[in-house]
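Read the structure below first, then the notes.
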There are 2 protein chains.
Amino acid sequence: MTVSDPPPRSRSGRPGGGRRARQAKRRQQSAPRAPYIRRKTGTYDLLDEDSLQLIEANADRILQESGMEFRGDSEILRIFKQAGADVQGERVRFEPGMCRELISTTTPNAVVQHARNPENNVVIGGRNTVLCPVFGPPFIHNLDEGRRYATIEDFHNLVKIHQMIPHYHHSGGVVCEPVDLPANKRHLDMLYAHMRYSDRAMFGALIGEERAQDSINMAKILFGDEFVDTHCCLYAVSNTNAPLVMDSAMSGALKVYARHNQVVAVTPWTLAGAMSPCTAAGTLAQVLAEALAGLTLIQLINPGAPGMMGSFASTMSMQSGAPTFGNPEGAHVVLAAGQLARRLGVPLHTVGALTASKLPDQQAMEEGTWGLLMSFLAGANFINHAGGWLEGGLVSGYEKSILDADLCGKLAAFANGMSLTDNAQAMDAIREVGPGAHFLSSRHTQANFESAFFTPAIADNNSFEQWLAAGATDAAQRANAHWKQLLKDYEAPPLDPAIDEALIAYIEQRKASMPDRNYY
Amino acid sequence: MTVSDPPPRSRSGRPGGGRRARQAKRRQQSAPRAPYIRRKTGTYDLLDEDSLQLIEANADRILQESGMEFRGDSEILRIFKQAGADVQGERVRFEPGMCRELISTTTPNAVVQHARNPENNVVIGGRNTVLCPVFGPPFIHNLDEGRRYATIEDFHNLVKIHQMIPHYHHSGGVVCEPVDLPANKRHLDMLYAHMRYSDRAMFGALIGEERAQDSINMAKILFGDEFVDTHCCLYAVSNTNAPLVMDSAMSGALKVYARHNQVVAVTPWTLAGAMSPCTAAGTLAQVLAEALAGLTLIQLINPGAPGMMGSFASTMSMQSGAPTFGNPEGAHVVLAAGQLARRLGVPLHTVGALTASKLPDQQAMEEGTWGLLMSFLAGANFINHAGGWLEGGLVSGYEKSILDADLCGKLAAFANGMSLTDNAQAMDAIREVGPGAHFLSSRHTQANFESAFFTPAIADNNSFEQWLAAGATDAAQRANAHWKQLLKDYEAPPLDPAIDEALIAYIEQRKASMPDRNYY
């Protein structure tokens with residue numbers, strides 16, 4: 001089964017034309033929609049050559065001395081042994097340079113992830129950045145209800161809202177955990193929601209071989225059997241259990257995706273001070289070591305399969321041991337991780353607008369802005385949690401998702417760099433206007449005004465009196481009204497009814513084959 | 001009269017020791033206090049060599065073709081004429097390269113600005129960054145009272161609060177306009193407040209020759225006659241009236257400060273689309289042209305006097321023409337301005353945590369974080385409005401000042417770069433802990449924990465339940481409690497009573513010589 005070409009439609013993925021479409025367009029976007037960011041601007045390189053070599057040597061030493069444990073999967077241990085690694089029990093040690101060579105020989109430096117709407121395909125690697133909403137929270141927060149457990153209705157809402165926002169490039173994965181559904185089956189409902197309500201690229205299920213296989217099977221219904229075997233249609237993250245462990249829940253999914261040529265970001269998730277040393281340099285070497293081991297496994301399973309280096313280093317409160325976000329030390333790690341990934345020749349996966357705040361408040365925006373900007377400056381190719389994250393990842397915020405989306409749009413405009421065309425230089429305008437006059441009514445301003453500046457959806461730039469008359473709202477209140485309007489304006493992107501039926505049939509059959517369980 | 005050495009005291013400027021001092025210290029700072037940021041990290045260089053040369057050539061062409069108007073001051077026109085500029089009426093045109101040569105031959109590339117407490121002296125230039133609170137708002141905002149006109153009591157409060165915050169390095173100038181005092185006299189009260197309630201470096205009055213002279217006279221009482229003539233003790237900004245005009249209110253003060261070797265930042269303040277072209281490249285060339293003309297004037301008045309290139313480019317709302325802040329285009333301008341200033345060999349002055357928001361809300365923190373971070377990455381040597389700015393500069397926010405201060409602290413920690421000592425590499429710790437264990441109780445973590453991570457004052461990183469039990473506050477509410485506590489803990493840094501009396505006598509005598517006026 002293959003996807004037939006979708007009918008002609010506007011770039012927002014909805015039938016073009018009409019007052020409603022134009023209104024929605026104004027609400028959504030101030031810049032032309034692009035499927036991902038192509039950076040014309042450079043990266044911020046924190047470390048010099050000597051420092052990078054030092055970290056690389058330390059990672060090699062970690063892999064040689066401590067090695068990494070791959071738990072509960074004898075097949076993986078066999079694969080490593082065959083490749084010449086030193087395998088003792090579940091501990092796998094590598095000679096210096098071995099991982100790097102295996103990885104850099106066959107790992108592609110970029111991969112196209114396909115979306116069911118080809119206009120939304122994303123190129124992951126090179127000077128490209130893909131921004132993706134939050135992943136994983138069991139709770140949601142919005143201004144109307146506060147914080148509560150998330151449901152499948154929230155999941156649908158969030159997928160639809162994200163689909164309406166041009167500044168997110170990816171539909172993501174677990175935009176919230178629908179805890180009203182059985183834990184062992186809900187991956188099917190989540191995959192279906194992305195396939196039905198979004199036409200962007202998406203995650204596969206991350207935990208366990210079986211769910212990864214379900215993801216592949218559903219992708220084959222959506223994209224066609226042969227297409228999926230030869231094209232990347234699902235995005236996956238394989239988190240290590242830092243320090244230096246990968247369990248079978250993660251490696252099981254990794255194996256499935258690697259065999260099917262789907263991209264896997266090997267992402268050490270560390271809380272520095274608990275799961276890695278409480279120093280940036282120590283954490284960085286450990287992150288690199290763990291990523292190298294996982295990326296090596298991908299190439300041993302299927303040489304040429306796409307893999308990404310991941311980095312997700314959070315810090316810790318001195319007072320309580322609680323995770324903290326948006327900190328200088330985390331910025332150091334991600335900026336250097338970008339350099340290390342480029343030297344390794346693989347794309348970088350990392351995380352974005354993170355915060356420990358319980359509310360979409362000042363702390364949330366300060367920490368989130370800091371974190372997302374640093375990941376962008378690191379040259380990250382895929383930024384997970386670029387919007388919507390609250391409370392250390394426990395909460396998916398409706399308003400936060402809207403607020404962060406404006407920042408995502410800013411990054412895209414920033415990435416265009418400074419135009420230096422004759423028109424942008426505006427020398428004629430400066431000469432014509434002259435000292436003491438103004439540019440407001442100049443021909444140059446009239447010709448360029450509409451496209452001159454990025455316009456966020458939520459910022460209020462009016463006078464105090466206008467703002468007062470309009471209700472004296474804060475930005476979160478405006479974001480609240482905005483997501484409701486987006487949901488109202490939402491129309492599902494067209495999907496071949498035969499595919500829809502086949503997806504539903506697959507899900508029903510799979511669900512019928514399993515008892516309900518409230519744990520993974 | 002000279003300042004005698006102050007008695008020994010803690011680095012926060014208060015007598016050392018005691019429970020209250022320790023409490024206050026915990027509240028204030030998570031990192032050792034430093035008088036300014038010495039950046040070990042690099043700048044983010046947006047433009048390549050060709051692009052920079054193009055902008056420089058455009059600035060030269062603007063100065064040759066349009067020139068700049070110096071209004072209402074025949075002395076300045078005479079000075080320019082004598083130096084070989086083409087003076088027609090009040091219009092002054094320069095041959096390409098003339099300004100650059102005059103500036104770069106004699107302008108110092110760095111200057112020490114002295115504080116009455118020498119521990120607080122700041123070095124402006126090189127790889128240093130000085131962070132300074134908001135300047136100029138006629139209104140204040142706090143959570144208790146909302147927005148209202150500012151008074152001299154607010155001015156005192158803000159100076160005291162800033163003095164208690166380690167992350168601001170400068171006491172600033174018009175931290176709010178005390179509109180309850182006569183407009184033509186309040187500069188005396190403001191200068192006195194900085195001299196009495198802070199022991200950090202400060203601004204002189206910016207508008208008009210007479211007030212600049214008052215500033216010099218009061219600085220001489222504080223620092224001693226000869227000291228002021230040969231040392232920089234006051235910081236001044238001279239804004240152009242973009243496009244391409246400087247009026248006598250600004251040039252009058254510039255002349256006084258230049259003659260007394262006090263630093264002047266020549267700062268074109270543009271609203272792109274109104275006061276400069278609505279493009280970054282056009283605005284940038286105009287900014288450079290205006291700064292070149294002003295910096296040339298300083299060197300013609302007093303060769304070797306310290307001058308800075310300033311850049312303050314805001315953008316405009318497409319809908320209303322209102323100024324907007326924290327935008328990608330403003331970031332392009334400031335990043336490139338940093339490069340241009342370094343090529344010119346003069347320090348860069350710019351602006352920080354700006355926002356159009358009426359409240360210390362999500363918009364305020366997102367825009368402010370973006371703006372301050374970009375100015376820092378530009379390598380700015382002095383960042384005005386690094387904290388406290390709201391509503392396009394109309395409002396000085398008590399809570400905003402506290403919230404922004406945490407970000408200032410983050411920048412300082414970021415600027416330390418990644419440590420690569422043996423201890424920071426933590427290789428022994430990684431070997432000892434090994435796969436699957438944790439670092440919490442490791443010797444390395446125990447030894448490094450307290451100083452490992454930057455700790456903001458306002459962020460809440462606790463669990464949801466702890467946060468709920470503690471009152472479920474947002475960050476602005478915590479900032480509200482924080483500034484009240486800082487005011488309570490505040491103790492004035494010691495000041496020689498004879499100096500205090502002399503300052504008061506000078507102010508009384510000056511006030512008696514003028515009628516009250518409610519305009520400048």
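By convention here, the chains of the structure tokens are called A, B, ... in the order presented, each chain's residues are numbered starting at 1, and ligands are numbered starting at 1 in the order presented.
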Give me the residues near segment 258-261 of chain A as JSON, numbers by chain, where near means some atom within 7 Å (using only C-alpha atoms) and where sequence neighbours in that chain fewer than 5 positions away do not count.
{"A": [229, 230, 231, 232, 298, 301, 302, 305, 306]}
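The neighbours of Thr445 of chain B here are the residues that come within 10 Å of it, using only C-alpha atoms and leaving out any residue fewer than 4 positions away in the same chain; they are A:Ala272, A:Gly273, A:Ala274, A:Ser276, A:Pro277, A:Cys278, A:Thr279, B:Ala426, B:Ala429, B:Phe439, B:Leu440, B:Ser441, B:Phe449, B:Glu450, B:Ala452.
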Just write the chosen residues, N, CA and C atoms, as a compact mmCIF listing (two decimals), in the first residue's frame.
# COMPACT_ATOMS: atom_id res chain seq x y z
N ALA A 272 23.98 15.50 36.07
CA ALA A 272 25.37 15.64 36.51
C ALA A 272 25.43 15.70 38.03
N GLY A 273 26.31 14.92 38.62
CA GLY A 273 26.39 14.82 40.07
C GLY A 273 25.76 13.54 40.57
N ALA A 274 24.84 12.98 39.78
CA ALA A 274 24.21 11.70 40.15
C ALA A 274 24.55 10.62 39.13
N SER A 276 26.47 11.23 36.34
CA SER A 276 27.77 11.55 35.73
C SER A 276 28.46 12.48 36.72
N PRO A 277 29.75 12.74 36.53
CA PRO A 277 30.42 13.65 37.46
C PRO A 277 29.74 15.03 37.48
N CYS A 278 29.92 15.75 38.58
CA CYS A 278 29.29 17.07 38.71
C CYS A 278 30.14 18.16 38.05
N THR A 279 30.87 17.80 37.01
CA THR A 279 31.65 18.76 36.24
C THR A 279 31.31 18.59 34.76
N ALA B 426 37.59 14.53 35.98
CA ALA B 426 36.90 13.54 36.84
C ALA B 426 37.09 12.11 36.36
N ALA B 429 36.90 9.54 39.15
CA ALA B 429 35.54 9.34 39.64
C ALA B 429 34.77 8.40 38.72
N PHE B 439 26.92 8.71 41.26
CA PHE B 439 28.00 9.62 41.69
C PHE B 439 27.64 10.42 42.93
N LEU B 440 26.41 10.27 43.43
CA LEU B 440 25.96 11.17 44.50
C LEU B 440 26.89 11.14 45.71
N SER B 441 27.28 9.93 46.11
CA SER B 441 28.10 9.84 47.32
C SER B 441 29.58 9.67 47.01
N PHE B 449 30.68 19.45 45.02
CA PHE B 449 29.26 19.68 44.87
C PHE B 449 28.87 21.15 45.05
N GLU B 450 29.38 21.74 46.11
CA GLU B 450 28.89 23.08 46.47
C GLU B 450 29.17 24.13 45.41
N ALA B 452 29.78 23.35 42.20
CA ALA B 452 29.68 22.75 40.86
C ALA B 452 28.81 23.56 39.91
Surrounding residues of segment 127-129 of chain B excluding itself and chain neighbours under 3 positions, 9 Å, only C-alpha atoms, as a ChimeraX atom specification
/B:36-42,122-124,376,379-383,412
Distance criterion (only C-alpha atoms): nearest to chain A out of B:Gln319, B:Asn157, B:Ser248, B:Thr296
B:Gln319
Alpha helix (DSSP H) per DSSP on the backbone: members of segment 84-218 of chain A, as a VMD selection string
chain A and resid 98 to 106 152 to 163 186 to 197 209 to 218
Let's have the selection written as a short mmCIF file (atom, residue, chain, number, x, y, z; two decimals), in the first residue's frame, with C-alpha atoms.
data_model
loop_
_atom_site.label_atom_id
_atom_site.label_comp_id
_atom_site.auth_asym_id
_atom_site.auth_seq_id
_atom_site.Cartn_x
_atom_site.Cartn_y
_atom_site.Cartn_z
CA MET A 98 37.75 1.20 17.66
CA CYS A 99 34.30 2.77 18.11
CA ARG A 100 35.22 5.94 16.27
CA GLU A 101 36.47 4.00 13.29
CA LEU A 102 33.43 1.72 13.08
CA ILE A 103 31.10 4.70 13.39
CA SER A 104 32.74 7.13 11.03
CA THR A 105 33.32 4.60 8.26
CA THR A 106 29.66 3.82 7.64
CA ILE A 152 -5.59 10.66 24.98
CA GLU A 153 -7.75 13.72 24.40
CA ASP A 154 -4.83 15.91 25.48
CA PHE A 155 -2.62 13.90 23.17
CA HIS A 156 -4.93 14.58 20.22
CA ASN A 157 -5.19 18.26 21.18
CA LEU A 158 -1.45 18.71 21.35
CA VAL A 159 -0.78 16.93 18.05
CA LYS A 160 -3.39 19.16 16.41
CA ILE A 161 -2.06 22.34 17.99
CA HIS A 162 1.50 21.52 16.94
CA GLN A 163 0.34 20.72 13.40
CA ARG A 186 -1.12 3.22 24.27
CA HIS A 187 1.86 3.38 21.89
CA LEU A 188 -0.57 2.21 19.18
CA ASP A 189 -2.99 5.05 19.92
CA MET A 190 -0.19 7.58 20.00
CA LEU A 191 1.27 6.47 16.67
CA TYR A 192 -2.19 6.56 15.14
CA ALA A 193 -2.78 10.09 16.41
CA HIS A 194 0.41 11.35 14.75
CA MET A 195 -0.43 9.53 11.52
CA ARG A 196 -4.03 10.75 11.48
CA TYR A 197 -3.88 14.29 12.84
CA GLU A 209 11.51 -4.52 20.67
CA GLU A 210 7.79 -5.27 20.37
CA ARG A 211 6.61 -1.68 20.33
CA ALA A 212 9.34 -0.69 17.93
CA GLN A 213 8.11 -3.46 15.63
CA ASP A 214 4.54 -2.13 15.95
CA SER A 215 5.87 1.27 14.92
CA ILE A 216 7.56 -0.20 11.87
CA ASN A 217 4.42 -2.13 10.96
CA MET A 218 2.21 0.93 11.20
#
Could you give me, as JSON, numbers by chain, each residue of segment 245-483 of chain B that DSSP assigns to strand (DSSP E) when run on this structure's backbone?
{"B": [245, 246, 263, 264, 265, 266, 267, 268, 269, 270, 271, 307, 308, 309, 310, 312, 313, 314, 315, 316, 323, 324, 348, 349, 350, 351, 382, 383, 384, 385, 386, 387, 389, 390, 395, 396, 397]}
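If you measure from each of B:Thr267, B:Ser251, B:Thr369, B:Gln262 to Asp73 of chain B using only C-alpha atoms, the closest one turns out to be B:Ser251.
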Nearest to chain B, chosen from A:Ile507, A:Ile140, A:Met68, A:Ala479, with only C-alpha atoms counted in the distances
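Residue with the minimum atom-to-atom distance to chain B: A:Met68.
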Show which residues sit within 8 Å of Ser357 of chain A, as a list in words. Count only C-alpha atoms, and ignore same-chain residues fewer than 3 positions away.
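Near neighbours after the sequence-gap exclusion: Pro360, Asp361, Gln363, Ala364, Leu390, Glu391 and Gly392 of chain A; Ala459, Asp460 and Asn461 of chain B.
Closest approach to chain A among B:Ile458, B:Ala57, B:Leu292, B:Ala265: B:Ile458, based on only C-alpha atoms.
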Nearest candidate to chain A (options B:Pro328, B:Pro303, B:Gly125, B:Pro456; using only C-alpha atoms):
B:Pro328
